[in-house]
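S.K.: Next comes the structure file entry-v3.txt, holding compact mmCIF, C-alpha atoms.
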```txt
# COMPACT_ATOMS: atom_id res chain seq x y z
CA MET D 112 50.48 18.36 -49.94
CA LEU D 113 53.29 17.67 -52.34
CA VAL D 114 54.94 15.46 -49.75
CA ARG D 115 51.68 13.58 -49.25
CA ASN D 116 51.26 13.03 -52.97
CA ALA D 117 54.82 11.79 -53.28
CA GLN D 118 54.12 9.43 -50.37
CA SER D 119 50.92 8.26 -52.08
CA SER D 120 52.64 7.49 -55.37
CA ALA D 121 55.36 5.62 -53.51
CA ASP D 122 52.69 3.61 -51.66
CA PHE D 123 50.79 2.89 -54.86
CA LEU D 124 53.98 1.63 -56.53
CA ARG D 125 54.81 -0.47 -53.48
CA GLY D 126 51.37 -2.08 -53.79
CA PHE D 127 51.88 -2.65 -57.49
CA ARG D 128 55.24 -4.33 -56.85
CA ASP D 129 53.70 -6.58 -54.20
CA ILE D 130 50.80 -7.67 -56.42
CA LEU D 131 52.87 -8.23 -59.58
CA PRO D 132 53.72 -11.91 -58.90
CA ILE D 133 50.03 -12.59 -58.20
CA ILE D 134 49.09 -10.90 -61.47
CA VAL D 135 51.44 -13.16 -63.41
CA ALA D 136 50.03 -16.22 -61.63
CA THR D 137 46.41 -15.15 -62.31
CA ILE D 138 46.77 -14.65 -66.07
CA PRO D 139 46.14 -18.34 -66.94
CA PHE D 140 43.10 -18.44 -64.64
CA GLY D 141 41.50 -15.45 -66.25
CA MET D 142 42.10 -17.03 -69.63
CA VAL D 143 40.77 -20.44 -68.60
CA PHE D 144 37.71 -18.77 -67.10
CA GLY D 145 37.08 -16.80 -70.30
CA ALA D 146 37.57 -19.84 -72.53
CA LEU D 147 35.33 -22.01 -70.36
CA ALA D 148 32.68 -19.29 -70.15
CA THR D 149 32.60 -19.14 -73.94
CA LYS D 150 32.27 -22.92 -74.12
CA THR D 151 29.48 -22.80 -71.54
CA GLY D 152 27.54 -20.46 -73.81
CA LEU D 153 28.24 -17.02 -72.34
CA SER D 154 28.78 -14.23 -74.84
CA LEU D 155 31.98 -12.20 -74.80
CA PHE D 156 30.07 -9.38 -73.09
CA GLU D 157 28.59 -11.70 -70.46
CA SER D 158 31.98 -13.26 -69.67
CA GLY D 159 33.61 -9.86 -69.26
CA LEU D 160 30.66 -8.56 -67.26
CA MET D 161 30.89 -11.48 -64.88
CA SER D 162 34.57 -10.91 -64.21
CA ALA D 163 34.00 -7.17 -63.81
CA ALA D 164 30.89 -7.39 -61.60
CA VAL D 165 31.58 -10.50 -59.52
CA TYR D 166 35.38 -10.47 -59.50
CA GLY D 167 35.86 -13.68 -57.55
CA GLY D 168 37.57 -16.57 -59.34
CA ALA D 169 36.26 -19.56 -57.38
CA SER D 170 32.66 -18.29 -57.31
CA GLN D 171 32.75 -17.55 -61.04
CA PHE D 172 33.87 -21.10 -61.81
CA VAL D 173 31.14 -22.39 -59.51
CA ALA D 174 28.58 -20.33 -61.42
CA LEU D 175 29.76 -21.87 -64.71
CA GLU D 176 29.48 -25.33 -63.19
CA PHE D 177 25.69 -24.89 -62.84
CA TRP D 178 25.20 -22.74 -65.96
CA THR D 179 22.62 -24.60 -68.10
CA HIS D 180 19.51 -23.56 -70.01
CA PRO D 181 17.08 -22.64 -68.63
CA LEU D 182 19.30 -20.94 -66.07
CA PRO D 183 18.90 -22.25 -62.50
CA PHE D 184 18.92 -18.70 -61.14
CA TRP D 185 18.72 -19.47 -57.41
CA THR D 186 21.06 -22.47 -57.50
CA ILE D 187 23.75 -20.36 -59.12
CA LEU D 188 23.15 -17.34 -56.91
CA LEU D 189 23.15 -19.31 -53.65
CA SER D 190 26.14 -21.50 -54.51
CA ALA D 191 28.26 -18.53 -55.62
CA LEU D 192 27.15 -16.65 -52.51
CA ALA D 193 28.19 -19.62 -50.34
CA VAL D 194 31.65 -19.66 -51.90
CA ASN D 195 32.00 -15.95 -51.19
CA LEU D 196 30.83 -15.98 -47.57
CA ARG D 197 34.47 -15.97 -46.47
CA HIS D 198 34.69 -12.34 -47.62
CA ILE D 199 32.61 -11.43 -44.58
CA LEU D 200 35.57 -12.40 -42.43
CA TYR D 201 37.94 -10.44 -44.65
CA SER D 202 36.02 -7.18 -44.49
CA ALA D 203 35.50 -7.53 -40.75
CA ALA D 204 39.23 -7.93 -40.25
CA LEU D 205 40.46 -5.39 -42.78
CA GLY D 206 37.89 -2.73 -41.87
CA ARG D 207 39.72 -2.26 -38.57
CA SER D 208 42.78 -0.87 -40.31
CA MET D 209 40.68 1.48 -42.51
CA GLY D 210 39.55 3.81 -39.73
CA HIS D 211 41.22 6.84 -41.34
CA TRP D 212 39.65 6.18 -44.79
CA SER D 213 36.70 8.22 -46.08
CA PRO D 214 33.47 6.21 -46.56
CA LEU D 215 33.84 6.53 -50.34
CA GLN D 216 37.38 5.15 -50.20
CA ARG D 217 36.29 2.35 -47.90
CA TYR D 218 33.21 1.22 -49.82
CA SER D 219 34.95 1.40 -53.17
CA GLY D 220 37.91 -0.43 -51.64
CA PHE D 221 35.69 -3.34 -50.60
CA VAL D 222 34.73 -3.93 -54.25
CA PHE D 223 38.22 -5.36 -54.79
CA LEU D 224 38.51 -7.45 -51.63
CA THR D 225 39.60 -10.83 -53.04
CA ASP D 226 41.72 -13.50 -51.32
CA PRO D 227 45.15 -12.25 -52.47
CA ILE D 228 44.26 -8.60 -51.80
CA PHE D 229 43.17 -9.49 -48.29
CA ALA D 230 46.27 -11.58 -47.66
CA LEU D 231 48.66 -8.85 -48.82
CA ALA D 232 46.80 -5.94 -47.20
CA GLU D 233 46.69 -7.82 -43.89
CA SER D 234 50.27 -9.04 -43.92
CA ARG D 235 52.05 -6.06 -45.48
CA GLY D 236 49.67 -3.12 -45.07
CA GLY D 237 50.18 -2.61 -41.35
CA GLU D 238 47.69 -1.42 -38.74
CA ARG D 239 47.10 1.86 -40.55
CA LEU D 240 46.49 0.66 -44.09
CA SER D 241 47.53 3.22 -46.71
CA VAL D 242 44.76 4.02 -49.20
CA ALA D 243 47.27 4.32 -52.03
CA TYR D 244 48.97 1.03 -51.12
CA TYR D 245 45.62 -0.77 -51.09
CA PHE D 246 44.55 0.57 -54.47
CA GLY D 247 48.05 -0.13 -55.80
CA LEU D 248 47.33 -3.76 -55.01
CA ALA D 249 43.70 -3.77 -56.03
CA ILE D 250 43.36 -1.91 -59.33
CA PRO D 251 46.09 -3.71 -61.35
CA LEU D 252 44.79 -7.14 -60.28
CA TYR D 253 41.23 -6.18 -61.19
CA VAL D 254 42.15 -4.81 -64.62
CA ASN D 255 44.24 -7.90 -65.25
CA TRP D 256 41.36 -10.23 -64.34
CA VAL D 257 38.89 -8.54 -66.67
CA LEU D 258 41.35 -8.29 -69.57
CA THR D 259 42.55 -11.90 -69.32
CA THR D 260 38.93 -13.06 -69.14
CA LEU D 261 38.20 -11.28 -72.41
CA ALA D 262 41.38 -12.67 -74.01
CA GLY D 263 40.43 -16.18 -72.91
CA ALA D 264 36.87 -15.75 -74.14
CA ILE D 265 38.14 -14.76 -77.58
CA ALA D 266 40.66 -17.63 -77.58
CA GLY D 267 37.93 -20.01 -76.43
CA THR D 268 36.05 -19.63 -79.69
CA LEU D 269 39.10 -21.20 -81.40
CA ILE D 270 39.06 -24.35 -79.24
CA GLY D 271 36.94 -27.09 -80.78
CA ARG D 272 36.24 -29.67 -78.08
CA PRO D 273 37.45 -28.57 -74.64
CA GLN D 274 37.06 -32.13 -73.29
CA ALA D 275 39.70 -33.44 -75.70
CA ILE D 276 42.45 -31.31 -74.12
CA GLY D 277 41.07 -31.69 -70.60
CA LEU D 278 40.04 -28.03 -70.28
CA ASP D 279 36.92 -28.96 -68.35
CA PHE D 280 39.10 -30.91 -65.91
CA VAL D 281 41.31 -27.88 -65.27
CA VAL D 282 38.51 -26.42 -63.16
CA THR D 283 38.17 -29.64 -61.16
CA ALA D 284 41.94 -29.70 -60.72
CA TYR D 285 41.90 -26.05 -59.65
CA PHE D 286 39.26 -26.76 -57.00
CA MET D 287 41.22 -29.79 -55.81
CA TYR D 288 44.36 -27.70 -55.56
CA LEU D 289 42.49 -25.23 -53.36
CA VAL D 290 41.20 -28.03 -51.10
CA VAL D 291 44.70 -29.53 -50.79
CA GLY D 292 45.98 -26.06 -49.88
CA TYR D 293 43.53 -25.89 -46.96
CA ARG D 294 44.80 -29.10 -45.38
CA THR D 295 46.82 -27.33 -42.68
CA ARG D 296 43.82 -25.42 -41.31
CA PRO D 297 42.34 -26.63 -38.03
CA ASN D 298 40.23 -29.78 -38.50
CA ALA D 299 40.61 -29.52 -42.28
CA LEU D 300 40.64 -33.26 -42.88
CA SER D 301 37.43 -33.90 -40.93
CA ASN D 302 35.74 -31.00 -42.73
CA ILE D 303 36.84 -32.34 -46.11
CA GLY D 304 35.78 -35.88 -45.21
CA ALA D 305 32.36 -34.82 -43.91
CA SER D 306 31.72 -32.60 -46.89
CA ALA D 307 32.79 -35.22 -49.45
CA ALA D 308 30.76 -38.00 -47.82
CA ALA D 309 27.62 -35.87 -47.57
CA ALA D 310 28.07 -34.55 -51.10
CA LEU D 311 28.41 -38.03 -52.57
CA ALA D 312 25.41 -39.34 -50.64
CA ALA D 313 23.24 -36.38 -51.65
CA TYR D 314 24.40 -36.64 -55.27
CA LEU D 315 23.54 -40.34 -55.50
CA LEU D 316 20.23 -39.96 -53.63
CA PHE D 317 18.86 -36.65 -54.95
CA GLY D 318 21.17 -35.59 -57.78
CA SER D 319 22.60 -32.16 -58.59
CA PRO D 320 22.58 -29.51 -57.06
CA TRP D 321 21.85 -31.13 -53.69
CA HIS D 322 25.40 -32.43 -53.33
CA PHE D 323 26.45 -28.82 -53.03
CA ALA D 324 24.11 -27.87 -50.20
CA GLY D 325 24.52 -31.19 -48.39
CA GLY D 326 28.31 -31.15 -48.49
CA ALA D 327 28.57 -27.47 -47.58
CA VAL D 328 26.25 -27.77 -44.56
CA CYS D 329 27.93 -30.94 -43.26
CA GLY D 330 31.44 -29.52 -43.68
CA MET D 331 30.52 -26.27 -41.93
CA GLY D 332 28.65 -28.13 -39.20
CA THR D 333 31.68 -30.33 -38.56
CA ALA D 334 33.89 -27.25 -38.30
CA ALA D 335 31.52 -25.57 -35.85
CA PHE D 336 31.16 -28.78 -33.82
CA LEU D 337 34.92 -29.36 -33.57
CA ALA D 338 35.84 -25.71 -32.89
CA LYS D 339 37.57 -25.15 -29.57
CA PRO D 340 35.34 -22.91 -27.43
CA ARG D 341 38.21 -20.60 -26.49
CA ALA D 342 40.06 -20.57 -29.79
CA PRO D 343 40.87 -17.04 -31.00
CA ALA D 344 38.20 -15.81 -33.40
CA MET C 17 24.35 -12.91 -80.36
CA THR C 18 21.53 -11.05 -78.66
CA ALA C 19 21.88 -10.29 -74.98
CA ASP C 20 20.04 -12.72 -72.72
CA PRO C 21 18.26 -10.60 -70.08
CA VAL C 22 18.07 -13.48 -67.59
CA ALA C 23 21.79 -14.14 -67.86
CA ILE C 24 22.63 -10.44 -67.53
CA SER C 25 20.41 -10.01 -64.48
CA LEU C 26 21.86 -13.17 -62.91
CA ILE C 27 25.40 -11.86 -63.44
CA LEU C 28 24.47 -8.51 -61.89
CA ALA C 29 22.76 -10.28 -58.97
CA LEU C 30 25.94 -12.32 -58.46
CA GLY C 31 27.91 -9.09 -58.44
CA PHE C 32 25.66 -7.43 -55.85
CA ALA C 33 25.62 -10.56 -53.67
CA THR C 34 29.41 -10.77 -53.77
CA TYR C 35 29.78 -7.09 -52.95
CA GLY C 36 27.36 -7.69 -50.09
CA THR C 37 29.70 -10.28 -48.60
CA ARG C 38 32.59 -7.84 -49.00
CA ILE C 39 30.95 -5.10 -46.95
CA ALA C 40 28.87 -7.25 -44.57
CA GLY C 41 31.79 -8.13 -42.33
CA HIS C 42 32.65 -4.50 -41.84
CA LEU C 43 29.03 -3.39 -41.41
CA VAL C 44 27.78 -6.21 -39.21
CA LEU C 45 30.52 -8.31 -37.65
CA SER C 46 32.63 -5.34 -36.60
CA ARG C 47 29.80 -4.29 -34.25
CA PHE C 48 30.40 -7.37 -32.16
CA GLU C 49 33.32 -7.33 -29.77
CA ARG C 50 34.25 -10.84 -30.70
CA LEU C 51 32.79 -13.52 -32.90
CA SER C 52 31.73 -16.82 -31.33
CA PRO C 53 34.51 -19.32 -32.09
CA ARG C 54 31.97 -21.73 -33.53
CA VAL C 55 30.54 -19.16 -35.91
CA ALA C 56 34.05 -18.09 -36.91
CA ALA C 57 35.10 -21.71 -37.47
CA ALA C 58 31.98 -22.41 -39.56
CA LEU C 59 32.54 -19.31 -41.73
CA ASP C 60 36.23 -20.12 -42.03
CA ALA C 61 35.39 -23.66 -43.18
CA VAL C 62 33.00 -22.51 -45.90
CA PRO C 63 35.50 -22.57 -48.78
CA ILE C 64 36.78 -26.07 -47.90
CA ALA C 65 33.29 -27.48 -47.37
CA VAL C 66 31.77 -25.84 -50.43
CA ILE C 67 34.59 -26.63 -52.84
CA THR C 68 34.93 -30.21 -51.62
CA ALA C 69 31.19 -30.70 -52.10
CA LEU C 70 31.43 -29.24 -55.56
CA VAL C 71 34.22 -31.47 -56.86
CA THR C 72 33.09 -34.71 -55.22
CA PRO C 73 30.71 -35.84 -58.01
CA ALA C 74 33.18 -34.71 -60.68
CA VAL C 75 35.86 -36.82 -59.00
CA LEU C 76 33.97 -39.88 -57.76
CA ALA C 77 30.97 -40.17 -60.08
CA SER C 78 32.31 -39.25 -63.53
CA GLY C 79 34.04 -42.45 -64.58
CA TRP C 80 37.45 -44.01 -64.08
CA ALA C 81 39.45 -41.59 -66.21
CA ASP C 82 38.39 -38.60 -64.12
CA ALA C 83 38.80 -40.47 -60.81
CA ILE C 84 42.35 -41.60 -61.63
CA ALA C 85 43.30 -38.18 -62.97
CA ALA C 86 41.92 -36.67 -59.76
CA ALA C 87 44.14 -38.94 -57.65
CA ILE C 88 47.15 -37.93 -59.75
CA THR C 89 46.15 -34.26 -59.32
CA VAL C 90 46.04 -34.57 -55.51
CA VAL C 91 49.54 -36.06 -55.43
CA ALA C 92 50.78 -33.28 -57.73
CA ALA C 93 49.07 -30.62 -55.60
CA LEU C 94 50.86 -31.87 -52.49
CA ARG C 95 54.26 -31.27 -54.10
CA LEU C 96 54.00 -28.81 -56.96
CA PRO C 97 52.91 -25.21 -57.54
CA ILE C 98 49.52 -24.59 -59.03
CA LEU C 99 50.29 -24.32 -62.76
CA PRO C 100 52.22 -27.60 -63.13
CA THR C 101 49.48 -29.26 -61.07
CA LEU C 102 46.76 -28.08 -63.46
CA LEU C 103 48.82 -29.09 -66.47
CA ILE C 104 49.41 -32.59 -65.06
CA GLY C 105 45.70 -32.93 -64.29
CA ALA C 106 44.61 -31.85 -67.76
CA VAL C 107 47.19 -33.99 -69.56
CA SER C 108 46.44 -37.10 -67.50
CA VAL C 109 42.67 -36.79 -67.92
CA SER C 110 42.94 -36.32 -71.68
CA LEU C 111 45.30 -39.32 -72.01
CA LEU C 112 43.08 -41.51 -69.80
CA ARG C 113 39.95 -40.48 -71.69
CA ALA C 114 41.69 -41.11 -75.01
CA ALA C 115 42.65 -44.55 -73.69
CA GLY C 116 38.95 -45.22 -73.35
CA LEU C 117 38.69 -45.40 -69.58
```
Let's see the structure in the file written out as structure tokens.
M.R.:
Amino acid sequence: MLVRNAQSSADFLRGFRDILPIIVATIPFGMVFGALATKTGLSLFESGLMSAAVYGGASQFVALEFWTHPLPFWTILLSALAVNLRHILYSAALGRSMGHWSPLQRYSGFVFLTDPIFALAESRGGERLSVAYYFGLAIPLYVNWVLTTLAGAIAGTLIGRPQAIGLDFVVTAYFMYLVVGYRTRPNALSNIGASAAAALAAYLLFGSPWHFAGGAVCGMGTAAFLAKPRAPA
Amino acid sequence: MTADPVAISLILALGFATYGTRIAGHLVLSRFERLSPRVAAALDAVPIAVITALVTPAVLASGWADAIAAAITVVAALRLPILPTLLIGAVSVSLLRAAGL
């Protein structure tokens, strides 16, 4: 038992070491999210609650994008859900290396399944993913996200006009950076083109939020249409 | 500030929906031997499609300052890490807006 515990602590620390660079890189995002949430009208509690309960950067920024009064409940819910659909693929893939986990470990582990956690657990966790290694990745990143959100939300009350320093554009730039990062994926350019064209057309014809649905459906449809029938799933 | 019950319930609903996506793959997809390549490609393309759709009006229908700053941001994103890219985007948009574009 002692040996196992020593192994667990070593695994946890290994996870912590692997996630540390990501933590440093995420600090500004948590802060920008908190500041922007404050400027959008969320209270400190609501900003922190969103980071704690949703815990998905891109979907949280998307939610803020549509956050007006009265709240468009279904628009926000469906658009954030759409952004997070990729997690379905993550849990399908990662669940295979969690066969030796207890259900409690597994279903609490999935709470933390964000992009960087998936990437590291898949690439460095091996076929038999260590519980301690996974939580060594997951817990520090989660705590960091919630704390930096709160710090940003407090700092946000000190910023007068976010437009003057381009804070609102940081989110657009962040989304554009993500899209540029996807360019090497199969058929990425046709997906991007189809999505942008449909989004612009829907925006000009019907207005917000139809650009979102129109672009998403056309981009996904293009990907499905162009997929090679025998490509590995 | 008093708590807004609609906002709180929306945030909790977002949390449950997100957790749903994080367990659904394990609960549902893992029962299939193999996912259809078209379904897998469509799911895989969701982030690109969704995020492109989201930024398109902000980039192409929000005035010249934002459109030019967006072009600068794309060039930066092709060459630089994320933080310098965001900084360049924010600085260029604030300068262009201040210039009255």
S.K.: As number ranges by chain, please: the residues near range 301-311 of chain D (cut-off 10 Å, all atoms listed in the file, same-chain neighbours under 5 positions excluded).
M.R.: D: 290-291, 293-294, 296, 316-335, 337; C: 58, 61-62, 64-77
S.K.: Measuring between all atoms listed in the file, which one of D:Arg217, D:Lys150, D:Arg128, D:His211 shows the shortest distance to chain C?
M.R.: D:Arg217
S.K.: Excluding range 22-31 of chain C and its own-chain neighbours fewer than 6 positions away, which residues fall within 12 Å of it when counting all atoms listed in the file? Please give them as an MDAnalysis selection string.
M.R.: (chainID D and resid 152:167 170:171 173:175 178:195 222:223) or (chainID C and resid 37:38)
S.K.: Find the residues near Gly116 in chain C: any atom within 10 Å, counting all atoms listed in the file, skip ones fewer than 6 places away on the same chain, and give them as a list in words.
M.R.: Trp80, Ala81 and Ser110 of chain C
S.K.: Can I get the selection written as a PDB file, in the coordinates of the input, with C-alpha atoms?
M.R.:
```pdb
ATOM      1  CA  TRP C  80      37.450 -44.010 -64.080  1.00  0.00           C
ATOM      2  CA  ALA C  81      39.450 -41.590 -66.210  1.00  0.00           C
ATOM      3  CA  SER C 110      42.940 -36.320 -71.680  1.00  0.00           C
TER       4      SER C 110
END
```
S.K.: How far is it from CA of Ile133 in chain D to CA of Val109 in chain C, in Å with one decimal?
M.R.: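 It comes out at 27.1 Å.
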S.K.: Point out the residue among D:Val242, D:Ala232, D:Ala275, D:Ile265 with the least atom-to-atom distance to Gly210 in chain D, counting only C-alpha atoms.
M.R.: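 The shortest atom-to-atom distance to Gly210 in chain D comes from D:Val242.
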S.K.: What does the structure give for the distance between CA of Ala87 in chain C and CA of Glu176 in chain D, in Å to one decimal?
M.R.: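 Between CA of Ala87 in chain C and CA of Glu176 in chain D the gap is 20.8 Å.
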S.K.: Given all atoms listed in the file as the basis, pick out the residue of D:Tyr218, D:Phe229, D:Tyr253, D:Phe246 nearest to chain C.
M.R.: D:Tyr218
S.K.: Hey, can you check how far CA of Val257 in chain D sits from CA of Ala19 in chain C?
M.R.: 19.0 Å
S.K.: Do a neighbour search on Val91 in chain C at 12 Å with only C-alpha atoms, toss out local chain neighbours closer than 5 positions, and write the hits as a PyMOL selection string.
M.R.: (chain D and resi 284+287-288+291-292) or (chain C and resi 84-86+96-97+100-102+104-105)
S.K.: Identify which of the residues D:Thr283, D:Thr295, D:Thr137, D:Gln118 lies closest to chain C, counting all atoms listed in the file when measuring atom-to-atom distances.
M.R.: D:Thr283
S.K.: Which residue is closest to Gly247 in chain D? Choose from D:Ala121, D:Ala204, D:Leu261, D:Ile276 and count only C-alpha atoms.
M.R.: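 Using only C-alpha atoms, Gly247 in chain D sits closest to D:Ala121.
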S.K.: So which one's closest to chain C, D:Trp256, D:Phe172, D:Phe177, D:Phe221? Using only C-alpha atoms, please.
M.R.: D:Phe221
S.K.: So which residues touch Asn255 in chain D within 9 Å, counting all atoms listed in the file, skipping near sequence neighbours fewer than 4 positions away, as a PyMOL selection string?
M.R.: chain D and resi 134+137-138+141+250-251+259-260
